[in-house]
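Below: start_13.cif (mmCIF, C-alpha atoms)
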data_data
#
loop_
_atom_site.label_atom_id
_atom_site.label_comp_id
_atom_site.auth_asym_id
_atom_site.auth_seq_id
_atom_site.Cartn_x
_atom_site.Cartn_y
_atom_site.Cartn_z
CA MET A 1 -192.19 -33.83 51.95
CA PRO A 2 -194.27 -30.84 50.81
CA ASP A 3 -193.89 -29.06 47.49
CA ILE A 4 -191.35 -26.25 47.37
CA GLN A 5 -193.20 -22.92 47.38
CA ILE A 6 -191.43 -19.80 46.21
CA LYS A 7 -193.35 -16.59 46.96
CA ASN A 8 -192.50 -13.06 45.81
CA LEU A 9 -188.78 -13.75 45.97
CA GLY A 10 -186.51 -10.81 45.30
CA ILE A 11 -182.82 -10.08 45.60
CA SER A 12 -180.41 -7.43 44.38
CA PHE A 13 -176.64 -7.06 44.46
CA ASN A 14 -174.96 -3.65 44.68
CA GLY A 15 -178.24 -1.96 43.84
CA LYS A 16 -178.76 -4.13 40.75
CA ARG A 17 -182.01 -6.09 40.77
CA ILE A 18 -181.38 -9.77 39.97
CA LEU A 19 -184.73 -11.33 40.91
CA THR A 20 -188.05 -9.50 41.23
CA ASP A 21 -191.14 -11.07 42.79
CA VAL A 22 -190.48 -14.60 41.66
CA SER A 23 -193.27 -17.01 42.60
CA MET A 24 -193.60 -20.65 41.63
CA SER A 25 -194.27 -24.09 42.98
CA ILE A 26 -191.89 -27.03 42.55
CA PRO A 27 -193.82 -30.29 42.95
CA HIS A 28 -192.44 -32.86 45.36
CA GLY A 29 -191.18 -36.12 43.87
CA GLU A 30 -190.96 -34.84 40.32
CA THR A 31 -188.38 -33.43 37.98
CA THR A 32 -188.96 -29.81 37.10
CA CYS A 33 -186.96 -27.75 34.68
CA ILE A 34 -186.85 -23.97 34.68
CA MET A 35 -185.95 -22.78 31.22
CA ALA A 36 -184.77 -19.22 30.96
CA PRO A 37 -182.22 -17.35 28.87
CA SER A 38 -178.61 -16.91 30.03
CA GLY A 39 -178.08 -14.15 32.59
CA SER A 40 -181.72 -14.19 33.67
CA GLY A 41 -181.04 -15.09 37.31
CA LYS A 42 -181.40 -18.89 37.22
CA THR A 43 -178.22 -19.53 39.20
CA THR A 44 -179.19 -16.86 41.73
CA LEU A 45 -182.53 -18.59 42.22
CA LEU A 46 -180.76 -21.90 42.88
CA ASN A 47 -178.36 -20.19 45.31
CA LEU A 48 -181.38 -18.85 47.19
CA LEU A 49 -182.90 -22.33 47.34
CA MET A 50 -179.59 -23.75 48.60
CA GLY A 51 -179.48 -21.13 51.36
CA ILE A 52 -176.24 -19.58 50.07
CA TYR A 53 -178.01 -16.23 49.55
CA LYS A 54 -180.69 -14.67 51.73
CA PRO A 55 -183.55 -13.00 49.83
CA ASP A 56 -184.28 -9.29 50.22
CA ASN A 57 -187.97 -10.12 50.19
CA GLY A 58 -190.27 -13.07 49.72
CA SER A 59 -190.04 -16.58 51.11
CA ILE A 60 -189.20 -20.17 50.31
CA SER A 61 -191.01 -23.00 52.05
CA GLY A 62 -190.80 -26.77 51.77
CA LEU A 63 -187.01 -26.96 52.16
CA GLU A 64 -186.88 -26.69 55.96
CA ASN A 65 -185.89 -30.31 56.54
CA ALA A 66 -184.64 -31.03 53.07
CA LYS A 67 -181.32 -32.68 52.38
CA ILE A 68 -180.11 -30.79 49.37
CA ALA A 69 -177.61 -31.97 46.80
CA ALA A 70 -176.45 -29.76 43.98
CA VAL A 71 -174.56 -29.61 40.75
CA PHE A 72 -173.10 -26.13 40.54
CA GLN A 73 -172.53 -24.31 37.30
CA ASP A 74 -168.78 -24.30 37.99
CA ASP A 75 -168.43 -27.88 39.37
CA ARG A 76 -166.80 -26.81 42.67
CA LEU A 77 -164.46 -29.76 42.98
CA ILE A 78 -161.30 -29.78 45.07
CA GLU A 79 -158.69 -29.42 42.37
CA SER A 80 -155.83 -31.32 44.00
CA MET A 81 -158.00 -34.32 44.93
CA ASP A 82 -158.75 -37.24 42.64
CA PRO A 83 -162.38 -37.76 41.52
CA VAL A 84 -163.03 -40.66 43.90
CA SER A 85 -161.91 -38.61 46.91
CA ASN A 86 -163.94 -35.62 45.76
CA ILE A 87 -167.05 -37.78 45.67
CA HIS A 88 -166.21 -39.70 48.84
CA LEU A 89 -165.70 -36.46 50.80
CA VAL A 90 -169.39 -35.73 50.28
CA CYS A 91 -170.78 -39.25 49.95
CA ARG A 92 -169.55 -40.97 53.10
CA ASN A 93 -172.43 -43.44 52.75
CA GLN A 94 -170.82 -44.85 49.59
CA SER A 95 -167.70 -47.00 49.61
CA ARG A 96 -164.80 -46.07 47.35
CA ASN A 97 -165.44 -49.25 45.33
CA THR A 98 -169.08 -48.28 44.74
CA ILE A 99 -167.96 -44.84 43.63
CA ILE A 100 -165.45 -46.38 41.21
CA GLU A 101 -168.14 -48.69 39.78
CA GLU A 102 -170.54 -45.76 39.33
CA MET A 103 -167.79 -43.73 37.68
CA LYS A 104 -167.13 -46.54 35.23
CA SER A 105 -170.83 -46.73 34.36
CA ILE A 106 -170.75 -43.17 33.02
CA GLY A 107 -167.51 -43.60 31.13
CA LEU A 108 -165.12 -42.24 33.76
CA THR A 109 -162.37 -44.83 33.56
CA ASP A 110 -158.62 -44.58 34.11
CA CYS A 111 -158.86 -41.30 35.96
CA PHE A 112 -159.42 -42.57 39.48
CA ASP A 113 -156.06 -41.38 40.80
CA GLN A 114 -155.72 -38.24 38.72
CA PRO A 115 -156.22 -34.84 40.39
CA VAL A 116 -159.40 -33.30 38.97
CA CYS A 117 -157.46 -30.27 37.76
CA GLU A 118 -156.02 -32.56 35.09
CA LEU A 119 -159.44 -33.75 33.87
CA SER A 120 -161.34 -32.37 30.88
CA GLY A 121 -164.39 -30.17 31.37
CA GLY A 122 -166.75 -33.01 30.49
CA MET A 123 -165.10 -35.41 32.93
CA ARG A 124 -165.22 -32.84 35.73
CA ARG A 125 -168.91 -32.28 35.00
CA ARG A 126 -169.64 -35.99 35.34
CA VAL A 127 -167.70 -36.14 38.62
CA ALA A 128 -169.76 -33.21 39.95
CA LEU A 129 -172.98 -34.93 38.84
CA LEU A 130 -172.01 -38.22 40.41
CA ARG A 131 -171.06 -36.49 43.66
CA ALA A 132 -174.51 -34.96 43.82
CA ILE A 133 -176.60 -38.02 42.98
CA LEU A 134 -174.59 -40.42 45.17
CA SER A 135 -174.89 -38.17 48.22
CA ASP A 136 -177.66 -38.43 50.80
CA TRP A 137 -180.38 -36.14 49.41
CA ASN A 138 -184.09 -35.66 48.87
CA VAL A 139 -183.95 -32.44 46.83
CA LEU A 140 -181.54 -32.19 43.93
CA LEU A 141 -180.72 -28.84 42.34
CA LEU A 142 -179.02 -28.92 38.95
CA ASP A 143 -177.49 -25.88 37.28
CA GLU A 144 -176.92 -26.55 33.56
CA PRO A 145 -175.93 -30.10 34.54
CA PHE A 146 -174.99 -31.48 31.13
CA GLN A 147 -173.03 -28.51 29.92
CA GLY A 148 -169.82 -29.55 28.16
CA LEU A 149 -170.77 -33.21 27.70
CA ASP A 150 -170.63 -34.82 24.27
CA ASP A 151 -173.70 -36.72 23.02
CA THR A 152 -172.47 -40.18 24.05
CA SER A 153 -171.46 -39.28 27.59
CA LYS A 154 -174.53 -37.05 27.94
CA LYS A 155 -176.80 -40.02 27.20
CA ALA A 156 -175.05 -42.30 29.72
CA THR A 157 -175.02 -39.54 32.35
CA VAL A 158 -178.69 -38.63 31.86
CA ASN A 159 -179.63 -42.31 32.26
CA LYS A 160 -177.62 -42.48 35.47
CA VAL A 161 -179.26 -39.33 36.83
CA LEU A 162 -182.74 -40.60 35.91
CA GLN A 163 -182.00 -43.92 37.61
CA TRP A 164 -181.02 -42.22 40.87
CA CYS A 165 -183.65 -39.49 40.74
CA HIS A 166 -186.75 -41.53 40.17
CA GLY A 167 -189.53 -40.36 42.50
CA LYS A 168 -187.39 -37.64 44.05
CA THR A 169 -187.63 -33.86 43.85
CA VAL A 170 -185.31 -32.52 41.20
CA LEU A 171 -185.09 -28.92 40.04
CA MET A 172 -182.97 -28.24 37.03
CA VAL A 173 -182.23 -24.90 35.38
CA THR A 174 -181.05 -24.68 31.82
CA HIS A 175 -181.44 -22.74 28.60
CA ASP A 176 -181.23 -25.91 26.51
CA PRO A 177 -184.66 -27.45 25.69
CA ASP A 178 -183.04 -30.76 24.67
CA GLU A 179 -181.67 -31.25 28.20
CA ALA A 180 -185.13 -30.69 29.65
CA LYS A 181 -186.58 -33.27 27.27
CA LEU A 182 -183.87 -35.79 28.08
CA MET A 183 -184.62 -35.43 31.78
CA GLN A 184 -188.35 -35.94 31.12
CA ALA A 185 -188.99 -32.86 33.19
CA GLN A 186 -191.98 -30.61 33.62
CA ILE A 187 -190.93 -27.35 32.05
CA ILE A 188 -191.43 -23.91 33.55
CA SER A 189 -190.48 -21.49 30.84
CA VAL A 190 -189.46 -18.00 31.92
CA LYS A 191 -188.75 -16.24 28.66
CA GLN A 192 -188.30 -12.77 30.14
CA GLY A 193 -186.08 -13.95 33.00
CA PHE A 194 -186.68 -13.12 36.65
CA LYS A 195 -185.67 -9.49 36.72
CA GLN A 196 -189.00 -7.96 35.73
CA MET B 1 -154.23 -25.22 43.39
CA LYS B 2 -152.67 -26.87 40.37
CA ALA B 3 -151.06 -30.27 40.28
CA GLN B 4 -147.69 -28.72 39.63
CA SER B 5 -147.58 -27.52 43.22
CA LEU B 6 -147.70 -31.13 44.40
CA ARG B 7 -144.77 -32.24 42.31
CA LYS B 8 -141.21 -31.84 43.43
CA THR B 9 -140.01 -28.39 42.55
CA SER B 10 -136.80 -27.98 40.57
CA SER B 11 -135.37 -25.54 43.15
CA ASN B 12 -132.83 -28.18 44.24
CA PRO B 13 -129.34 -27.30 43.01
CA LYS B 14 -127.90 -29.43 40.24
CA VAL B 15 -124.95 -31.68 41.16
CA TRP B 16 -122.78 -30.24 38.40
CA ALA B 17 -123.40 -26.70 39.68
CA VAL B 18 -122.43 -27.72 43.23
CA MET B 19 -119.30 -29.43 41.89
CA PHE B 20 -118.41 -26.30 39.91
CA TRP B 21 -118.41 -24.12 43.03
CA ILE B 22 -116.53 -26.68 45.12
CA ILE B 23 -113.82 -26.91 42.46
CA LEU B 24 -113.65 -23.11 42.28
CA TRP B 25 -113.33 -23.00 46.08
CA GLN B 26 -110.52 -25.60 45.92
CA ILE B 27 -108.69 -23.57 43.26
CA ALA B 28 -109.14 -20.32 45.24
CA SER B 29 -107.73 -21.89 48.40
CA MET B 30 -104.75 -23.26 46.42
CA VAL B 31 -104.12 -19.85 44.84
CA ILE B 32 -104.29 -18.04 48.20
CA GLY B 33 -102.23 -20.79 49.81
CA LYS B 34 -102.93 -19.70 53.38
CA GLU B 35 -105.12 -22.01 55.45
CA ILE B 36 -105.86 -19.26 57.92
CA LEU B 37 -107.59 -17.22 55.21
CA LEU B 38 -109.33 -19.92 53.21
CA VAL B 39 -109.27 -23.65 53.90
CA SER B 40 -109.88 -26.00 51.03
CA PRO B 41 -113.00 -28.19 50.75
CA LEU B 42 -110.86 -31.28 51.39
CA GLN B 43 -109.43 -29.79 54.61
CA THR B 44 -112.95 -28.84 55.65
CA ILE B 45 -114.20 -32.39 55.13
CA ASN B 46 -111.16 -33.81 56.94
CA ARG B 47 -111.74 -31.55 59.92
CA PHE B 48 -115.44 -32.41 59.86
CA LEU B 49 -114.63 -36.13 59.97
CA GLU B 50 -112.19 -35.57 62.84
CA LEU B 51 -114.83 -33.68 64.80
CA ALA B 52 -117.54 -36.21 64.02
CA ILE B 53 -115.84 -38.95 66.02
CA THR B 54 -115.82 -36.92 69.24
CA SER B 55 -118.70 -36.95 71.71
CA ALA B 56 -118.47 -33.14 72.18
CA PHE B 57 -119.38 -32.74 68.51
CA TRP B 58 -122.65 -34.64 68.91
CA GLN B 59 -123.41 -32.93 72.22
CA SER B 60 -123.04 -29.53 70.53
CA ILE B 61 -125.31 -30.63 67.70
CA PHE B 62 -127.93 -31.93 70.11
CA SER B 63 -127.71 -28.76 72.20
CA SER B 64 -128.21 -26.37 69.26
CA LEU B 65 -130.67 -28.58 67.40
CA SER B 66 -132.91 -28.98 70.45
CA ARG B 67 -133.00 -25.24 71.17
CA ILE B 68 -133.47 -24.08 67.59
CA SER B 69 -136.09 -26.70 66.77
CA PHE B 70 -137.93 -25.90 70.00
CA GLY B 71 -138.06 -22.23 68.98
CA PHE B 72 -139.22 -23.26 65.51
CA ILE B 73 -142.00 -25.56 66.75
CA LEU B 74 -143.18 -22.98 69.26
CA ALA B 75 -143.31 -20.32 66.53
CA VAL B 76 -145.17 -22.66 64.15
CA LEU B 77 -147.83 -23.42 66.77
CA THR B 78 -148.16 -19.76 67.76
CA GLY B 79 -148.16 -18.61 64.11
CA ILE B 80 -150.93 -21.06 63.21
CA ALA B 81 -153.03 -20.08 66.24
CA LEU B 82 -152.61 -16.34 65.61
CA GLY B 83 -153.18 -16.81 61.87
CA ILE B 84 -156.49 -18.57 62.54
CA LEU B 85 -157.48 -15.93 65.09
CA SER B 86 -156.67 -13.09 62.68
CA SER B 87 -158.58 -14.75 59.85
CA GLN B 88 -161.69 -14.82 62.05
CA TYR B 89 -161.47 -11.46 63.81
CA THR B 90 -160.50 -8.21 62.09
CA ILE B 91 -159.57 -6.67 65.44
CA ALA B 92 -156.97 -9.41 66.02
CA ARG B 93 -155.61 -8.86 62.51
CA ASP B 94 -155.35 -5.10 63.05
CA LEU B 95 -153.78 -5.57 66.45
CA LEU B 96 -151.18 -8.10 65.30
CA SER B 97 -150.27 -6.36 62.05
CA PRO B 98 -147.86 -3.75 63.58
CA LEU B 99 -146.38 -6.36 65.91
CA MET B 100 -145.55 -8.74 63.06
CA LEU B 101 -144.20 -5.88 60.96
CA THR B 102 -141.95 -4.82 63.84
CA ILE B 103 -140.63 -8.35 64.37
CA LYS B 104 -139.95 -8.63 60.63
CA THR B 105 -138.10 -5.33 60.31
CA VAL B 106 -136.14 -5.02 63.58
CA PRO B 107 -132.56 -6.28 63.03
CA VAL B 108 -131.79 -9.66 64.61
CA ALA B 109 -128.80 -8.11 66.41
CA SER B 110 -131.15 -5.70 68.25
CA PHE B 111 -133.32 -8.58 69.43
CA ILE B 112 -130.25 -10.53 70.52
CA ILE B 113 -128.86 -7.65 72.57
CA VAL B 114 -132.21 -6.86 74.21
CA ALA B 115 -132.77 -10.54 74.93
CA LEU B 116 -129.33 -10.85 76.48
CA ILE B 117 -130.28 -8.06 78.90
CA TRP B 118 -133.61 -9.69 79.75
CA PHE B 119 -132.89 -13.45 79.69
CA SER B 120 -130.10 -15.93 80.18
CA SER B 121 -127.93 -16.55 77.14
CA ARG B 122 -128.69 -20.26 77.39
CA HIS B 123 -132.18 -19.81 75.97
CA LEU B 124 -131.39 -16.96 73.63
CA SER B 125 -131.43 -19.07 70.46
CA ILE B 126 -134.93 -20.37 71.32
CA LEU B 127 -136.27 -16.81 71.47
CA ILE B 128 -134.43 -15.67 68.35
CA SER B 129 -135.55 -18.70 66.30
CA PHE B 130 -139.08 -18.12 67.54
CA LEU B 131 -139.00 -14.46 66.48
CA MET B 132 -137.60 -15.25 63.04
CA VAL B 133 -140.18 -17.93 62.29
CA LEU B 134 -143.32 -16.42 63.83
CA PRO B 135 -144.09 -13.62 61.32
CA ILE B 136 -143.41 -15.86 58.32
CA ILE B 137 -145.73 -18.63 59.53
CA TYR B 138 -148.36 -16.14 60.69
CA THR B 139 -148.43 -14.27 57.36
CA HIS B 140 -148.56 -17.40 55.21
CA VAL B 141 -151.23 -19.09 57.34
CA LEU B 142 -153.35 -15.93 57.38
CA ASP B 143 -152.98 -15.41 53.62
CA GLY B 144 -153.74 -19.07 53.03
CA ILE B 145 -156.94 -19.01 55.10
CA MET B 146 -158.08 -15.72 53.57
CA GLY B 147 -157.45 -17.17 50.13
CA VAL B 148 -159.56 -20.31 50.66
CA ASP B 149 -162.02 -20.65 47.79
CA HIS B 150 -165.36 -19.46 49.18
CA LYS B 151 -167.15 -21.45 46.47
CA LEU B 152 -165.81 -24.65 48.01
CA LEU B 153 -167.06 -23.48 51.40
CA GLU B 154 -170.50 -22.91 49.85
CA MET B 155 -170.34 -26.42 48.38
CA SER B 156 -169.47 -27.77 51.81
CA PHE B 157 -172.42 -25.86 53.32
CA VAL B 158 -174.89 -27.16 50.72
CA PHE B 159 -173.75 -30.78 51.10
CA ARG B 160 -173.72 -30.47 54.90
CA ILE B 161 -170.10 -31.61 55.19
CA PRO B 162 -169.26 -31.66 58.92
CA ARG B 163 -167.12 -28.74 60.17
CA ILE B 164 -164.16 -30.93 61.06
CA ARG B 165 -164.01 -32.39 57.53
CA THR B 166 -164.41 -28.93 55.99
CA ILE B 167 -161.44 -27.75 58.04
CA ALA B 168 -159.29 -30.75 57.12
CA TYR B 169 -160.12 -31.17 53.45
CA ILE B 170 -160.85 -27.61 52.37
CA TYR B 171 -159.03 -25.24 54.74
CA VAL B 172 -155.96 -27.30 55.63
CA LEU B 173 -155.57 -28.71 52.13
CA GLN B 174 -155.66 -25.24 50.61
CA VAL B 175 -153.41 -23.66 53.24
CA LEU B 176 -150.79 -26.45 53.17
CA PRO B 177 -148.90 -25.37 50.02
CA ASN B 178 -148.58 -21.87 51.53
CA PHE B 179 -147.54 -23.37 54.84
CA ARG B 180 -144.88 -25.56 53.21
CA THR B 181 -143.39 -22.52 51.49
CA ALA B 182 -143.41 -20.66 54.81
CA CYS B 183 -141.63 -23.52 56.58
CA LYS B 184 -138.94 -23.72 53.90
CA LEU B 185 -138.30 -20.00 54.19
CA ALA B 186 -138.44 -20.00 57.97
CA ILE B 187 -136.12 -22.96 58.58
CA GLY B 188 -133.19 -21.34 56.78
CA LEU B 189 -133.68 -18.07 58.64
CA CYS B 190 -134.23 -19.79 61.96
CA TRP B 191 -130.90 -21.64 61.71
CA LYS B 192 -128.99 -18.56 60.60
CA ALA B 193 -130.40 -16.36 63.35
CA GLY B 194 -130.36 -19.11 66.00
CA ILE B 195 -126.67 -19.79 65.46
CA ALA B 196 -125.91 -16.04 65.35
CA ALA B 197 -127.63 -15.76 68.74
CA GLU B 198 -125.47 -18.60 70.07
CA VAL B 199 -122.29 -16.94 68.76
CA ILE B 200 -123.20 -13.78 70.68
CA GLY B 201 -124.71 -15.45 73.76
CA ILE B 202 -122.16 -18.31 73.80
CA PRO B 203 -124.22 -20.95 75.65
CA THR B 204 -121.94 -23.75 76.85
CA GLY B 205 -121.64 -26.75 74.54
CA SER B 206 -123.46 -25.19 71.58
CA ILE B 207 -122.44 -24.91 67.93
CA GLY B 208 -122.31 -21.13 68.43
CA GLU B 209 -119.72 -21.59 71.16
CA LYS B 210 -117.62 -23.74 68.82
CA LEU B 211 -117.81 -21.04 66.12
CA GLN B 212 -116.81 -18.42 68.66
CA GLN B 213 -113.81 -20.53 69.76
CA ALA B 214 -112.80 -21.00 66.11
CA LYS B 215 -112.86 -17.22 65.71
CA VAL B 216 -110.83 -16.61 68.89
CA TYR B 217 -108.13 -19.16 67.95
CA LEU B 218 -108.23 -18.22 64.24
CA ASN B 219 -109.04 -21.86 63.50
CA THR B 220 -110.48 -21.49 60.00
CA ALA B 221 -110.75 -25.25 59.44
CA ASP B 222 -113.01 -25.55 62.50
CA LEU B 223 -115.03 -22.55 61.37
CA PHE B 224 -115.62 -24.08 57.94
CA ALA B 225 -116.31 -27.54 59.37
CA TRP B 226 -118.91 -26.20 61.79
CA THR B 227 -120.46 -24.05 59.05
CA PHE B 228 -120.70 -27.21 56.95
CA VAL B 229 -122.46 -28.91 59.88
CA ILE B 230 -124.95 -26.01 60.17
CA ILE B 231 -125.73 -26.22 56.45
CA LEU B 232 -126.27 -29.98 56.74
CA LEU B 233 -128.51 -29.63 59.80
CA SER B 234 -130.55 -26.87 58.22
CA LEU B 235 -131.04 -28.85 54.99
CA LEU B 236 -131.88 -32.03 56.87
CA PHE B 237 -134.35 -30.19 59.09
CA GLU B 238 -135.99 -28.60 56.06
CA ARG B 239 -136.21 -31.91 54.21
CA ILE B 240 -137.80 -33.67 57.19
CA VAL B 241 -140.41 -30.93 57.73
CA SER B 242 -141.10 -30.72 54.00
CA PHE B 243 -141.47 -34.51 53.73
CA LEU B 244 -143.89 -34.66 56.69
CA LEU B 245 -146.03 -31.85 55.24
CA TYR B 246 -145.98 -33.49 51.81
CA LYS B 247 -147.20 -36.75 53.37
CA LEU B 248 -149.95 -34.89 55.23
CA GLN B 249 -151.01 -33.21 51.99
CA LYS B 250 -151.10 -36.54 50.15
CA ARG B 251 -153.10 -38.09 52.97
CA LEU B 252 -155.67 -35.28 52.94
CA GLN B 253 -156.03 -35.61 49.19
CA LYS B 254 -157.43 -39.08 49.78
CA ALA B 255 -160.60 -38.04 51.55
#
Let me see the file written as structure tokens.
Amino acid sequence: MPDIQIKNLGISFNGKRILTDVSMSIPHGETTCIMAPSGSGKTTLLNLLMGIYKPDNGSISGLENAKIAAVFQDDRLIESMDPVSNIHLVCRNQSRNTIIEEMKSIGLTDCFDQPVCELSGGMRRRVALLRAILSDWNVLLLDEPFQGLDDTSKKATVNKVLQWCHGKTVLMVTHDPDEAKLMQAQIISVKQGFKQ
Amino acid sequence: MKAQSLRKTSSNPKVWAVMFWIILWQIASMVIGKEILLVSPLQTINRFLELAITSAFWQSIFSSLSRISFGFILAVLTGIALGILSSQYTIARDLLSPLMLTIKTVPVASFIIVALIWFSSRHLSILISFLMVLPIIYTHVLDGIMGVDHKLLEMSFVFRIPRIRTIAYIYVLQVLPNFRTACKLAIGLCWKAGIAAEVIGIPTGSIGEKLQQAKVYLNTADLFAWTFVIILLSLLFERIVSFLLYKLQKRLQKA
């Protein structure tokens, strides 16, 4: 797969400029972290890469045949479903038993039959992460993936993500430098954000 | 959707409250002392048991149940289809909006009289049940589809979840609580209006005919016994539909 090339990408909503002429290259098979302050347009950039938004100008190449998986900023789990079903809905290639084993490995125990609306923020985050990494993907997009996790569960979850992401293209956005370090990522720092 | 919506609601009446009203009814009938005005609960049950051992009783139940449930099922299918259509095309929504509003606001009696002019009285309760249920199902299905979380649809798009699974596990699962509420509302109305149509149309061998005969012969015990039967049928029908939808919801929650 080629590198992901972003060229002069721009988008605005209701006349408000969110991204202006963003250009960068995301190397294939590596973990890259875009570090930018909150409200700088990181999530919008990921939404453009996922194909949820269409850019006003500019282009993205290298994702034409990509199988994308994502961890959204707001989890996007089906509230009335239990965690195993939420993951299995997306990861049909994994058996329910495999999913349960993987859940246990990141400290998600005794919640297999609970609807996700009853889970804590940290547990929901881990379910969303597991759903992404267990799915069939070759490009993984992570939006503040370890937000809301305590140190212990963050460590176990990062290890799990690293184990599944080795040699694959991962793009993570965060404002937390520690998360970027934990993920052993190449850092692209955008201090001014993407608006200018 | 919160987990509370999946649990049994506490809308079921409490036994003590039911007993309170039955006792009050018994006292009222004893105070009035005239069976023709108000039969007691015991007399009602006695008459019900007497009727229940006759074949005509079961034939009447089958006759009314089949017609009213046919009207209900037809309305559910039509309501779902039109709800889906309206959620996809604004023109369909605009076109159907005045029609549904008219069906909702026109008095049942007007529909019954017009239908009696147009059709045979035998099938009147099918049409009336259909008309009572259709706007409720249509509105709830449409609202449910329009209210589906677009963020989940984006998630489905990103993860390339096949269309059929998106429909089942995102659309249907999110619309089902709305749909269950609609069915509960509609079943009560459909029985009330369906039986009213039978009382006016008097199709042979129906519950409506029996109510009409009770009125003509001032047989209050029969009237109360048949009313008791209608309440039982309506509750049973609602419970069965509610149970089936609950099972479907539980099944879809295990993707």
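Here the question is which of A:Ala132, A:Val127, A:Leu63, A:Ile106 gets nearest to Lys155 (chain A) using all atoms listed in the file, and that residue is A:Ile106.
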Taking the file as shown, find all residues satisfying the PyMOL selection byres ((chain B) within 10 of (chain A)) and write them as a VMD selection string. chain B and resid 1 to 6 149 to 162 165 to 166 169 to 170 173 to 174 249 to 250 252 to 255
Interatomic distance between CA of Thr109 (chain A) and CA of Gln163 (chain A)? 20.1 Å
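Going from CA of Gln43 (chain B) over to CA of Phe224 (chain B), you cover 9.1 Å.
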Quick one: apply the PyMOL selection byres ((chain B and resi 47) around 12) to the file and drop the selected residues here as a list in words. Val39, Ser40, Pro41, Leu42, Gln43, Thr44, Ile45, Asn46, Phe48, Leu49, Glu50, Leu51, Ala52, Ile53, Thr54, Phe57, Asn219, Thr220, Ala221, Asp222, Leu223, Phe224, Ala225, Trp226, Thr227, Phe228 and Val229 of chain B
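Picked out by the PyMOL selection byres ((chain B and resi 84) around 12) when it runs on this file: B:Leu77, B:Thr78, B:Gly79, B:Ile80, B:Ala81, B:Leu82, B:Gly83, B:Leu85, B:Ser86, B:Ser87, B:Gln88, B:Tyr89, B:Thr90, B:Ala92, B:Arg93, B:Ile137, B:Tyr138, B:Thr139, B:His140, B:Val141, B:Leu142, B:Asp143, B:Gly144, B:Ile145, B:Met146, B:Ile167, B:Tyr171, B:Val172, B:Val175.
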Up to 8 Å from (-167.8, -36.6, 32.3) in the file's coordinates: name the residues, counting all atoms listed in the file, as a ChimeraX atom specification. /A:106-108,120-127,149,153,157
Could you check how far CA of Ile68 (chain B) sits from CA of Lys215 (chain B), in Å to one decimal? 21.8 Å
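Among the candidates A:His166, A:Leu9, A:Lys160, A:Asp143, the one nearest to Ala36 (chain A) when counting all atoms listed in the file is A:Asp143.
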